[in-house]
Every structure is written in C-alpha cells, then in structure tokens.
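Structure data follow from input12.txt (compact mmCIF, C-alpha atoms and all ligand atoms):
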# COMPACT_ATOMS: atom_id res chain seq x y z
CA MET G 1 -15.31 -23.24 -4.61
CA ALA G 2 -11.58 -23.08 -4.82
CA THR G 3 -9.45 -24.38 -1.99
CA ALA G 4 -6.70 -21.93 -1.15
CA LEU G 5 -3.74 -22.46 1.12
CA ALA G 6 -2.94 -19.41 3.22
CA PHE G 7 -0.84 -18.17 6.11
CA ALA G 8 -2.98 -16.92 8.94
CA VAL G 9 -2.82 -15.72 12.53
CA THR G 10 -5.40 -17.04 15.00
CA SER G 11 -4.78 -14.56 17.85
CA PRO G 12 -2.78 -11.36 18.49
CA VAL G 13 0.10 -13.40 19.89
CA ALA G 14 0.02 -16.41 17.54
CA PRO G 15 2.64 -16.78 14.81
CA LEU G 16 1.54 -16.98 11.19
CA ALA G 17 0.77 -20.60 10.33
CA PRO G 18 -0.70 -22.47 7.35
CA LEU G 19 -4.49 -22.48 7.01
CA GLU G 20 -6.71 -23.98 4.33
CA LEU G 21 -9.66 -21.85 3.27
CA GLN G 22 -12.38 -21.85 0.62
CA ARG G 23 -12.62 -19.01 -1.85
CA ARG G 24 -16.20 -18.43 -2.98
CA GLU G 25 -17.79 -19.82 -6.11
CA LEU G 26 -17.38 -17.29 -8.91
CA ARG G 27 -20.25 -14.83 -9.33
CA PRO G 28 -20.81 -13.41 -12.82
CA HIS G 29 -18.38 -10.47 -12.31
CA ASP G 30 -15.76 -12.35 -10.27
CA VAL G 31 -12.20 -13.21 -11.19
CA LEU G 32 -10.19 -16.04 -9.61
CA ILE G 33 -6.58 -14.93 -9.21
CA GLU G 34 -3.65 -17.24 -8.62
CA ILE G 35 -1.47 -15.12 -6.37
CA SER G 36 2.24 -15.03 -7.22
CA PHE G 37 3.50 -12.47 -4.72
CA CYS G 38 2.16 -10.39 -1.86
CA GLY G 39 3.83 -7.41 -0.19
CA VAL G 40 4.09 -7.21 3.58
CA CYS G 41 2.70 -3.83 4.63
CA HIS G 42 3.35 -2.41 8.09
CA SER G 43 -0.41 -2.39 8.63
CA ASP G 44 -0.40 -6.20 8.24
CA LEU G 45 1.70 -6.38 11.39
CA HIS G 46 -0.45 -3.83 13.27
CA GLN G 47 -3.62 -5.74 12.48
CA ALA G 48 -2.20 -9.26 13.01
CA ARG G 49 -1.22 -8.15 16.53
CA ASN G 50 -4.47 -6.21 17.07
CA GLU G 51 -2.62 -2.95 17.66
CA TRP G 52 -5.52 -0.96 16.18
CA GLY G 53 -8.07 -2.81 18.30
CA HIS G 54 -10.46 -4.07 15.63
CA SER G 55 -8.93 -7.38 14.60
CA SER G 56 -10.87 -10.58 14.04
CA TYR G 57 -9.40 -14.05 13.71
CA PRO G 58 -8.39 -16.14 11.94
CA MET G 59 -6.79 -13.38 9.87
CA VAL G 60 -5.00 -13.80 6.54
CA PRO G 61 -3.19 -10.48 6.07
CA GLY G 62 -1.90 -9.05 2.79
CA HIS G 63 -3.21 -6.28 0.52
CA GLU G 64 -0.38 -5.89 -1.96
CA ILE G 65 -1.41 -8.75 -4.21
CA VAL G 66 -0.16 -9.62 -7.69
CA GLY G 67 -0.81 -12.70 -9.76
CA GLU G 68 -2.56 -14.10 -12.81
CA VAL G 69 -6.18 -14.59 -13.75
CA ARG G 70 -7.10 -18.28 -13.65
CA GLN G 71 -10.91 -18.26 -13.92
CA LEU G 72 -13.53 -15.79 -15.10
CA GLY G 73 -17.13 -15.28 -14.07
CA SER G 74 -19.65 -15.48 -16.91
CA ALA G 75 -20.08 -11.68 -17.22
CA VAL G 76 -16.45 -10.58 -16.86
CA THR G 77 -15.43 -8.29 -19.72
CA ARG G 78 -12.28 -6.51 -18.57
CA PHE G 79 -9.99 -9.51 -18.12
CA ALA G 80 -8.86 -12.64 -19.89
CA LEU G 81 -7.28 -15.84 -18.60
CA GLY G 82 -3.58 -15.36 -17.89
CA ASP G 83 -3.76 -11.57 -17.44
CA ARG G 84 -1.29 -10.12 -14.95
CA VAL G 85 -3.36 -8.44 -12.27
CA GLY G 86 -3.22 -6.87 -8.84
CA VAL G 87 -5.48 -6.30 -5.85
CA GLY G 88 -4.89 -3.59 -3.27
CA CYS G 89 -6.59 -2.62 -0.03
CA MET G 90 -10.23 -3.05 -1.16
CA VAL G 91 -12.24 -5.87 -2.74
CA ASP G 92 -15.72 -4.31 -2.93
CA SER G 93 -17.89 -1.28 -2.19
CA CYS G 94 -21.54 -0.29 -2.70
CA ALA G 95 -20.91 1.22 -6.19
CA GLU G 96 -23.88 3.58 -5.73
CA CYS G 97 -23.00 6.28 -3.20
CA GLY G 98 -21.37 9.63 -4.00
CA PRO G 99 -17.78 8.63 -3.20
CA CYS G 100 -18.12 5.33 -5.12
CA ARG G 101 -19.50 7.12 -8.18
CA ALA G 102 -16.69 9.69 -7.88
CA GLY G 103 -14.06 6.92 -8.01
CA GLN G 104 -13.23 7.17 -4.32
CA GLU G 105 -14.32 3.71 -3.34
CA GLN G 106 -12.14 3.85 -0.22
CA PHE G 107 -14.65 6.35 1.21
CA CYS G 108 -17.78 4.36 0.33
CA GLU G 109 -20.61 5.61 2.57
CA ARG G 110 -21.57 2.03 3.41
CA GLY G 111 -17.95 1.21 4.16
CA ALA G 112 -15.75 -0.43 1.55
CA ALA G 113 -14.97 -4.12 1.91
CA PHE G 114 -11.31 -4.15 2.82
CA THR G 115 -9.13 -6.95 1.55
CA TYR G 116 -8.61 -8.62 4.93
CA ASN G 117 -9.65 -8.20 8.55
CA GLY G 118 -12.96 -6.92 7.20
CA THR G 119 -16.19 -8.24 5.75
CA GLU G 120 -17.75 -8.47 2.32
CA MET G 121 -20.59 -6.01 1.67
CA ASP G 122 -23.01 -8.48 3.29
CA ARG G 123 -21.18 -7.47 6.49
CA ARG G 124 -21.03 -11.09 7.57
CA THR G 125 -18.56 -12.93 5.35
CA PRO G 126 -14.99 -12.29 6.50
CA THR G 127 -12.40 -11.22 3.93
CA TYR G 128 -9.04 -13.00 3.74
CA GLY G 129 -6.01 -11.36 2.16
CA GLY G 130 -3.04 -12.12 0.00
CA TYR G 131 -0.79 -14.42 2.02
CA SER G 132 -2.66 -17.05 0.10
CA THR G 133 -2.47 -19.10 -3.08
CA HIS G 134 -5.74 -17.75 -4.54
CA ILE G 135 -8.29 -14.99 -4.13
CA VAL G 136 -11.67 -14.28 -5.72
CA VAL G 137 -12.38 -10.58 -6.37
CA GLN G 138 -15.02 -8.82 -8.41
CA GLU G 139 -13.51 -7.31 -11.55
CA HIS G 140 -13.99 -3.62 -10.68
CA PHE G 141 -11.51 -4.11 -7.84
CA VAL G 142 -8.91 -5.91 -9.95
CA LEU G 143 -6.06 -3.84 -11.38
CA ARG G 144 -4.15 -4.48 -14.56
CA VAL G 145 -0.38 -4.83 -13.95
CA PRO G 146 1.40 -3.51 -17.06
CA ALA G 147 3.89 -5.91 -18.69
CA ALA G 148 6.76 -3.47 -18.09
CA LEU G 149 6.48 -3.92 -14.32
CA GLU G 150 8.40 -6.77 -12.68
CA LEU G 151 5.64 -8.60 -10.83
CA ALA G 152 7.22 -9.10 -7.39
CA ARG G 153 8.52 -5.53 -7.22
CA ALA G 154 5.16 -4.17 -8.39
CA ALA G 155 3.26 -5.75 -5.46
CA PRO G 156 4.03 -2.95 -2.97
CA LEU G 157 2.70 -0.38 -5.43
CA LEU G 158 -0.83 -1.64 -4.64
CA CYS G 159 -0.65 -0.03 -1.18
CA ALA G 160 2.60 1.90 -0.68
CA GLY G 161 2.53 3.15 -4.27
CA ILE G 162 -1.02 4.51 -4.34
CA THR G 163 -0.76 5.83 -0.76
CA THR G 164 2.06 8.15 -1.81
CA TYR G 165 1.16 8.78 -5.48
CA SER G 166 -2.31 10.11 -4.68
CA PRO G 167 -1.28 12.98 -2.36
CA LEU G 168 1.80 13.82 -4.44
CA VAL G 169 -0.36 14.29 -7.54
CA ARG G 170 -3.25 15.96 -5.72
CA TRP G 171 -0.98 18.63 -4.22
CA GLY G 172 0.74 19.52 -7.46
CA THR G 173 4.05 17.64 -7.49
CA GLY G 174 5.71 18.27 -10.83
CA PRO G 175 8.52 20.06 -12.64
CA GLY G 176 9.57 23.22 -10.83
CA THR G 177 8.28 22.05 -7.44
CA ARG G 178 10.26 21.04 -4.39
CA VAL G 179 9.09 18.02 -2.43
CA ALA G 180 10.28 16.86 0.98
CA VAL G 181 9.72 13.21 1.82
CA VAL G 182 9.82 12.75 5.60
CA GLY G 183 10.95 9.26 6.60
CA LEU G 184 12.59 6.70 4.34
CA GLY G 185 10.78 3.41 4.87
CA GLY G 186 8.28 1.34 2.89
CA LEU G 187 6.20 4.38 1.97
CA GLY G 188 9.02 6.94 1.82
CA HIS G 189 11.26 5.04 -0.56
CA VAL G 190 8.44 4.71 -3.13
CA ALA G 191 7.49 8.36 -2.58
CA VAL G 192 11.03 9.46 -3.48
CA LYS G 193 10.91 7.52 -6.76
CA LEU G 194 7.42 8.78 -7.63
CA ALA G 195 8.18 12.43 -6.84
CA ARG G 196 11.32 12.26 -8.97
CA ALA G 197 9.42 10.62 -11.83
CA LEU G 198 6.78 13.37 -11.54
CA GLY G 199 9.58 15.88 -12.18
CA ALA G 200 10.03 17.44 -8.75
CA GLU G 201 13.22 18.30 -6.91
CA VAL G 202 13.20 15.80 -4.04
CA SER G 203 14.72 16.03 -0.57
CA VAL G 204 14.65 13.26 2.01
CA LEU G 205 14.26 14.42 5.60
CA SER G 206 15.37 11.83 8.12
CA THR G 207 16.70 11.59 11.64
CA SER G 208 18.97 8.65 10.66
CA PRO G 209 22.31 9.66 9.11
CA ASN G 210 22.66 6.13 7.68
CA LYS G 211 19.80 6.83 5.23
CA ARG G 212 21.89 9.38 3.34
CA GLU G 213 23.39 6.99 0.79
CA ASP G 214 20.09 5.26 0.10
CA ALA G 215 18.31 8.56 -0.39
CA ALA G 216 20.75 9.42 -3.17
CA ARG G 217 20.54 5.95 -4.69
CA LEU G 218 16.74 6.15 -4.76
CA GLY G 219 16.95 9.43 -6.66
CA ALA G 220 16.67 12.19 -4.06
CA GLN G 221 18.72 15.28 -4.94
CA ALA G 222 19.18 16.21 -1.28
CA PHE G 223 19.31 14.57 2.12
CA GLU G 224 18.60 16.62 5.22
CA LEU G 225 19.41 15.28 8.66
CA THR G 226 16.63 16.59 10.88
CA ALA G 227 18.05 15.46 14.20
CA THR G 228 18.73 19.10 15.25
CA PRO G 229 16.73 22.37 15.05
CA GLU G 230 19.42 23.87 12.82
CA ALA G 231 18.19 21.96 9.76
CA PHE G 232 14.64 23.21 10.29
CA ARG G 233 15.86 26.82 10.51
CA ARG G 234 17.90 26.47 7.34
CA LEU G 235 15.10 24.85 5.30
CA ARG G 236 12.31 27.19 6.42
CA GLY G 237 9.86 28.08 3.61
CA ARG G 238 11.63 25.86 1.10
CA PHE G 239 9.10 23.22 -0.02
CA ASP G 240 5.88 23.16 -2.03
CA VAL G 241 4.90 19.75 -0.66
CA VAL G 242 5.97 17.92 2.48
CA LEU G 243 4.91 14.26 2.44
CA ASP G 244 5.09 12.90 5.98
CA THR G 245 5.33 9.10 6.06
CA VAL G 246 6.43 8.80 9.69
CA SER G 247 4.21 6.80 12.04
CA ALA G 248 6.26 7.49 15.18
CA VAL G 249 5.17 10.30 17.51
CA HIS G 250 6.54 13.64 16.25
CA ASP G 251 5.51 17.32 16.13
CA TYR G 252 4.03 18.61 12.89
CA ASP G 253 4.93 22.27 13.54
CA PRO G 254 8.59 22.18 12.51
CA TYR G 255 7.66 20.43 9.24
CA LEU G 256 4.82 22.84 8.46
CA ARG G 257 7.25 25.73 8.74
CA LEU G 258 9.31 24.18 5.94
CA LEU G 259 6.48 24.98 3.50
CA ARG G 260 6.47 28.00 1.24
CA PRO G 261 3.30 30.14 1.48
CA GLY G 262 0.35 28.09 0.25
CA GLY G 263 2.29 24.85 0.44
CA THR G 264 0.83 21.57 1.65
CA MET G 265 1.94 19.00 4.17
CA ALA G 266 0.24 15.67 3.51
CA VAL G 267 0.35 13.02 6.22
CA VAL G 268 0.15 9.31 5.44
CA GLY G 269 1.83 7.95 8.59
CA ILE G 270 -0.37 7.31 11.61
CA PRO G 271 1.32 8.15 14.93
CA PRO G 272 -0.21 6.13 17.79
CA GLU G 273 -1.02 9.25 19.83
CA PRO G 274 -2.65 12.63 19.09
CA VAL G 275 -0.32 15.22 17.61
CA ARG G 276 -0.07 18.74 19.09
CA LEU G 277 -0.27 21.50 16.54
CA ARG G 278 0.06 25.31 16.71
CA ALA G 279 -2.56 27.12 14.63
CA GLY G 280 0.10 29.70 13.80
CA SER G 281 2.03 27.07 11.83
CA LEU G 282 -0.92 26.91 9.43
CA ILE G 283 -2.04 30.55 9.50
CA GLY G 284 1.40 31.97 8.81
CA GLY G 285 1.74 31.35 5.06
CA ASN G 286 -1.79 30.00 4.41
CA ARG G 287 -0.39 26.51 4.79
CA VAL G 288 -2.43 23.36 4.33
CA LEU G 289 -2.26 20.23 6.47
CA ALA G 290 -3.86 17.34 4.61
CA GLY G 291 -4.41 13.63 5.07
CA SER G 292 -4.61 10.99 2.38
CA SER G 293 -5.96 7.45 2.34
CA ILE G 294 -4.84 5.12 -0.48
CA GLY G 295 -6.73 5.98 -3.71
CA GLY G 296 -9.71 4.84 -5.76
CA LEU G 297 -9.53 2.10 -8.38
CA ALA G 298 -9.19 4.37 -11.42
CA GLU G 299 -6.43 6.37 -9.77
CA THR G 300 -4.65 3.19 -8.69
CA GLN G 301 -4.70 2.02 -12.31
CA ARG G 302 -3.28 5.40 -13.43
CA MET G 303 -0.53 5.01 -10.81
CA LEU G 304 0.42 1.57 -12.19
CA GLU G 305 0.56 2.94 -15.76
CA PHE G 306 2.68 5.85 -14.52
CA CYS G 307 5.08 3.47 -12.76
CA ALA G 308 5.36 1.35 -15.91
CA ALA G 309 6.11 4.43 -18.04
CA HIS G 310 8.77 5.68 -15.62
CA GLY G 311 10.30 2.43 -14.33
CA VAL G 312 9.12 2.95 -10.76
CA LEU G 313 9.24 -0.23 -8.65
CA ALA G 314 9.66 -0.98 -4.96
CA ASP G 315 12.97 -2.15 -3.50
CA ILE G 316 12.14 -5.49 -1.96
CA GLU G 317 13.40 -8.47 0.00
CA LEU G 318 11.72 -11.52 -1.48
CA ILE G 319 10.97 -14.24 1.10
CA PRO G 320 9.20 -17.61 1.07
CA ALA G 321 5.99 -17.81 3.14
CA SER G 322 7.85 -19.96 5.69
CA ARG G 323 9.91 -16.89 6.66
CA LEU G 324 6.93 -14.59 7.30
CA ASN G 325 7.28 -14.72 11.08
CA GLU G 326 10.92 -13.74 10.86
CA ALA G 327 9.94 -10.92 8.49
CA TYR G 328 7.38 -9.67 11.03
CA GLU G 329 10.05 -9.59 13.75
CA ARG G 330 12.33 -7.57 11.52
CA LEU G 331 9.52 -5.31 10.34
CA ALA G 332 8.73 -4.45 13.96
CA LYS G 333 12.30 -3.09 14.16
CA ASN G 334 12.07 -1.35 10.77
CA ASP G 335 14.82 -3.69 9.60
CA VAL G 336 13.89 -4.05 5.93
CA LYS G 337 14.98 -2.40 2.68
CA TYR G 338 12.31 -1.48 1.88
CA ARG G 339 9.48 -3.98 1.61
CA PHE G 340 9.23 -7.68 2.28
CA VAL G 341 7.40 -9.47 -0.50
CA VAL G 342 6.21 -13.06 -0.01
CA ASP G 343 6.84 -15.45 -2.87
CA LEU G 344 3.89 -17.85 -2.76
CA ALA G 345 5.56 -20.52 -4.91
CA SER G 346 6.20 -22.81 -1.93
CA LEU G 347 2.55 -22.58 -0.86
CA HIS G 348 1.44 -23.42 -4.38
CA ALA G 349 3.70 -26.47 -4.29
CA ARG G 350 2.33 -27.54 -0.91
CA ARG G 351 -1.21 -27.09 -2.16
CA GLY G 352 -0.35 -29.18 -5.22
CA ALA G 353 -2.10 -32.28 -3.87
CA ALA G 354 -5.42 -30.43 -3.47
CA PRO G 355 -7.96 -30.71 -6.30
CA GLU G 356 -7.76 -27.98 -8.90
CA PRO G 357 -10.62 -25.50 -9.13
CA ALA G 358 -13.29 -26.41 -11.67
CA SER G 359 -12.29 -25.62 -15.22
CA ALA G 360 -12.51 -22.09 -16.54
CA GLN G 361 -15.77 -20.81 -17.92
CA LYS G 362 -14.28 -19.01 -20.87
ZN ZN D 401 -0.80 -1.32 3.27
ZN ZN D 402 -20.31 3.36 -1.89
Translate this structure into structure tokens?
Ligand SMILES: [Zn+2]
Ligand SMILES: [Zn+2]
Amino acid sequence: MATALAFAVTSPVAPLAPLELQRRELRPHDVLIEISFCGVCHSDLHQARNEWGHSSYPMVPGHEIVGEVRQLGSAVTRFALGDRVGVGCMVDSCAECGPCRAGQEQFCERGAAFTYNGTEMDRRTPTYGGYSTHIVVQEHFVLRVPAALELARAAPLLCAGITTYSPLVRWGTGPGTRVAVVGLGGLGHVAVKLARALGAEVSVLSTSPNKREDAARLGAQAFELTATPEAFRRLRGRFDVVLDTVSAVHDYDPYLRLLRPGGTMAVVGIPPEPVRLRAGSLIGGNRVLAGSSIGGLAETQRMLEFCAAHGVLADIELIPASRLNEAYERLAKNDVKYRFVVDLASLHARRGAAPEPASAQK
C-alpha cells in the first residue's frame, strides 16, 4: 500500500486538515498516480459541508485531478511510468450494464464509484479524492492529459470542462450557431472558451455588470446584462443553445424564450429549490429543456484532445494546500477567477519522510 498525505474534513463544520491515508495495493489494472494539482469544484464545498445531505466523513474532496503515473499494475496496457494523466468525477463502474457499455459510465445502473464521498464498487470501501499526494485508480478511469495542456490549468477540465463540453456538443454547438452562456463562474468561463472553440457565436448572460470585461477577454462576442426584463424582450428567439450554469434560484421561462424554434436550453447548475416552469415556454417553438451530467470516459478524453487542439484551459488561482480553508471561504462568496487549483507540492514535501511506495512493477 502507498501512504498518501491528504487534506480532509471530519465533519460538516470542521476545517480541512491534514490526514494520512493508505491507498490500496495495486490490482492488475490499477495505476498509482502522484497528484500534482487538483481543482476545487463548487461541489467539493457543498459536500464537505453536507449541503446535499449524503456526506460521510472523513472526506477528502477533489475530482479535478492531474498528475503523473508512478506505478503500474501487472496488466496495465494503456499507460507508462511518467505519463501525464487525469482523473475526474468517477473512479469505477460495473463495466457491464447498458450505460457502461455505451460509454456513459456516469449513469452505471449499479451506480458509478464517484471519486470521493462515495464507495468503491464493493459498496463498502470509501473513496478519497484529489486533495492528496497520491491516488490509485483503475486504468479505464484514467485520462491522458495531452502535452499541449498546462497541467495546473488543465485540472478543472476534468469536471468543469466535461460538464460544459458534453451538452454543448450534444446540442449542436458549431459554426453558424448562437450560444448563450448563462452565468460566468467556474463552469461558465470554460463554457465560453469551449463554445468559441467549437465555432459558435457566444453571448454571456449575467446579472453582474462587472462581468462584462471578463466576458470579452474570455472570447464572448457579446455580453447581455439580464438584470431587467428589457434584455429578455430584445433577445427573444435569438439562440440555438442556452447553457445555464447558474445554481442560484431563478426562473427558467425567460431563458427558454430566448431560444429559436427547436432550440435547446441545457441546465448544469443545480438550484437548491424546485424551479417553476410554464409548459407554454416549451410548447411555443418546440423548445427543449435538457439536463447534463459530466460525461463518460471516452467523451472526456475527446474533450481533453479538443482543448489541446484549441488551447482551451481554465483561468485559475493556484494555491498551496495550506490555503484551502481560505479558498473555501472565498468560494462560498463566489470570489474566485475562475477556479482555485491546489498545488500539492507542499504536501509532497511534508510527506517526504514517509517511506516510498514499493518499486514499480514495470
Ligand atoms: Zn466538480
Ligand atoms: Zn454499469
């Protein structure tokens, strides 16, 4: 087993603090990854504080993991020592059900093993995430991070990137289409870059006038302040795709009416309360309201290749693990441009005294 040093929470009100944990002995298809960087997703904060009501402790959050392969199981074929790799929201699934065979492991009928605050497929062994020096993951759930991608800025692609890429592609974003990105945060800022790279004309819709400059810098051709009904009247019927990244309570109706006939509004933000919706907003114009949950492994790999080909990376604030609690406080106020990424170098240094994992098998 490999001893990893991690940052964990032990209760909904506890701060993140160092914790030593054992990563499992490598099985034939496992890869031991030395984690370099891990993104701080808003869902890390929700789950650390048990805001979704299903948290178990101790919890090591983090599902935007990038690093290098340090050890290989005896049957691993897809990776070599030193490869730059990533791990997103899942670390295992049944591999046999319909969704798994269709490359939609996130919808595994037995329930995928999520990277943290979940269990392995044995449904007993807890999973611990990426605020950690090392992780052991079976190779099917390990992504290749192309050399063109700067490692730290690529980390958020493993969740924020695939969460926005998948619905943009599924609903036809491309040259000649108009896309509205609602909300400019961790998800929205990556969505703007991806939609532009896919060839669409991109508008940012936001209620904060101070996002205007950033929207332009990130590549949006238009910024629409949606603080008043006037903007919604003016933009009616304009967009092919509306990607809604907002997790605050808001009505979907005004955004649906921005779609051209047959257009799609895809939601990836999760408001804490049920949303009221008028059927007429969908019926008028044959509009589609769709949800989207991350993406399967093959699609996530395609997203990384796409980002490498088009220079798409997250805008990040790199922090040492010792500043995670401060980052959480700021994240709770949406005070970040646009993703915190933890540099695990200081944890690696602190772990330095611990014995190294047994030598590599090949
Ligand atoms: Zn996430
Ligand atoms: Zn399955």
Which residues form the shell of 6 Å around ligand ZN 401 (chain D) when you count only C-alpha atoms and all ligand atoms, given as a PyMOL selection string? chain G and resi 41+43+159
Which residue gives the smallest distance to ligand ZN 402 (chain D) among G:Gly82, G:Gly269, G:Gly296, G:Gly183, with only C-alpha atoms and all ligand atoms counted? G:Gly296
List all protein, DNA and RNA residues that have an atom no more than 10 Å from any atom of ligand ZN 402 (chain D), counting all atoms listed in the file, and report them as a ChimeraX atom specification. /G:92-113
Any chance you could export the current selection's C-alpha atoms as a tab-separated table (two decimals), keeping the file's coordinate frame?
chain	number	residue	atom	x	y	z
G	92	ASP	CA	-15.72	-4.31	-2.93
G	93	SER	CA	-17.89	-1.28	-2.19
G	94	CYS	CA	-21.54	-0.29	-2.70
G	95	ALA	CA	-20.91	1.22	-6.19
G	96	GLU	CA	-23.88	3.58	-5.73
G	97	CYS	CA	-23.00	6.28	-3.20
G	98	GLY	CA	-21.37	9.63	-4.00
G	99	PRO	CA	-17.78	8.63	-3.20
G	100	CYS	CA	-18.12	5.33	-5.12
G	101	ARG	CA	-19.50	7.12	-8.18
G	102	ALA	CA	-16.69	9.69	-7.88
G	103	GLY	CA	-14.06	6.92	-8.01
G	104	GLN	CA	-13.23	7.17	-4.32
G	105	GLU	CA	-14.32	3.71	-3.34
G	106	GLN	CA	-12.14	3.85	-0.22
G	107	PHE	CA	-14.65	6.35	1.21
G	108	CYS	CA	-17.78	4.36	0.33
G	109	GLU	CA	-20.61	5.61	2.57
G	110	ARG	CA	-21.57	2.03	3.41
G	111	GLY	CA	-17.95	1.21	4.16
G	112	ALA	CA	-15.75	-0.43	1.55
G	113	ALA	CA	-14.97	-4.12	1.91
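The neighbours of Gly129 in chain G here are the residues that come within 10 Å of it, using all atoms listed in the file and leaving out any residue fewer than 6 positions away in the same chain; they are Ala6, Phe7, Ala8, Cys38, Asp44, Met59, Val60, Pro61, Gly62, His63, Glu64, Ile65, Val87, Gly88, Cys89, Met90, Val91, Phe114, Thr115, Tyr116, Asn117, Gly118 and Ile135 of chain G.
Take the candidates G:Glu68, G:Asp240, G:Asp251, G:Glu230 and check each one against His134 in chain G using all atoms listed in the file; the shortest distance goes to G:Glu68.
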Please work out which residues fall within 10 Å of (14.8, 9.5, -3.8), coordinates as given in the file, with all atoms listed in the file counting, and return them as a PDB file with C-alpha atoms, in the coordinates of the input.
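And here's selection_4.pdb as it stands now:
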ATOM      1  CA  ALA G 180      10.280  16.860   0.980  1.00  0.00           C
ATOM      2  CA  VAL G 181       9.720  13.210   1.820  1.00  0.00           C
ATOM      3  CA  LEU G 184      12.590   6.700   4.340  1.00  0.00           C
ATOM      4  CA  GLY G 188       9.020   6.940   1.820  1.00  0.00           C
ATOM      5  CA  HIS G 189      11.260   5.040  -0.560  1.00  0.00           C
ATOM      6  CA  VAL G 190       8.440   4.710  -3.130  1.00  0.00           C
ATOM      7  CA  ALA G 191       7.490   8.360  -2.580  1.00  0.00           C
ATOM      8  CA  VAL G 192      11.030   9.460  -3.480  1.00  0.00           C
ATOM      9  CA  LYS G 193      10.910   7.520  -6.760  1.00  0.00           C
ATOM     10  CA  LEU G 194       7.420   8.780  -7.630  1.00  0.00           C
ATOM     11  CA  ALA G 195       8.180  12.430  -6.840  1.00  0.00           C
ATOM     12  CA  ARG G 196      11.320  12.260  -8.970  1.00  0.00           C
ATOM     13  CA  ALA G 197       9.420  10.620 -11.830  1.00  0.00           C
ATOM     14  CA  GLU G 201      13.220  18.300  -6.910  1.00  0.00           C
ATOM     15  CA  VAL G 202      13.200  15.800  -4.040  1.00  0.00           C
ATOM     16  CA  SER G 203      14.720  16.030  -0.570  1.00  0.00           C
ATOM     17  CA  VAL G 204      14.650  13.260   2.010  1.00  0.00           C
ATOM     18  CA  ASP G 214      20.090   5.260   0.100  1.00  0.00           C
ATOM     19  CA  ALA G 215      18.310   8.560  -0.390  1.00  0.00           C
ATOM     20  CA  ALA G 216      20.750   9.420  -3.170  1.00  0.00           C
ATOM     21  CA  ARG G 217      20.540   5.950  -4.690  1.00  0.00           C
ATOM     22  CA  LEU G 218      16.740   6.150  -4.760  1.00  0.00           C
ATOM     23  CA  GLY G 219      16.950   9.430  -6.660  1.00  0.00           C
ATOM     24  CA  ALA G 220      16.670  12.190  -4.060  1.00  0.00           C
ATOM     25  CA  GLN G 221      18.720  15.280  -4.940  1.00  0.00           C
ATOM     26  CA  ALA G 222      19.180  16.210  -1.280  1.00  0.00           C
ATOM     27  CA  PHE G 223      19.310  14.570   2.120  1.00  0.00           C
TER      28      PHE G 223
END
Just want the 12 Å neighbourhood of Glu34 in chain G, counted on only C-alpha atoms, with same-chain residues fewer than 5 positions away dropped. Output as a count of residues only. 34
Coordinates-based distance that separates CA of Thr164 in chain G from CA of Arg78 in chain G (Å, one decimal): 26.5 Å
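Point (5.5, -8.9, -7.0) has the following residues at most 10 Å away: G:Ile35, G:Ser36, G:Phe37, G:Cys38, G:Gly39, G:Glu64, G:Ile65, G:Val66, G:Gly67, G:Gly86, G:Val145, G:Leu149, G:Glu150, G:Leu151, G:Ala152, G:Arg153, G:Ala154, G:Ala155, G:Pro156, G:Leu157, G:Leu158, G:Leu313, G:Ala314, G:Ile316, G:Leu318, G:Val341, G:Val342, G:Asp343 (atoms considered: only C-alpha atoms).
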Compile the contact shell of Val76 in chain G as number ranges by chain: residues with an atom at most 9 Å away, counting all atoms listed in the file, same-chain residues fewer than 2 positions apart removed. G: 28-31, 72-74, 78-80, 138-139
Between CA of Gly262 in chain G and CA of Val288 in chain G, distance in Å (one decimal): 6.8 Å
Using all atoms listed in the file, find the one residue out of G:Lys333, G:Arg350, G:His42, G:Arg233 that sits nearest to Gly186 in chain G. G:His42
Contact residues around Leu259 in chain G with all atoms listed in the file at 10 Å, ignoring same-chain residues under 6 positions, as number ranges by chain: G: 178-180, 235-242, 265, 281-282, 285-288
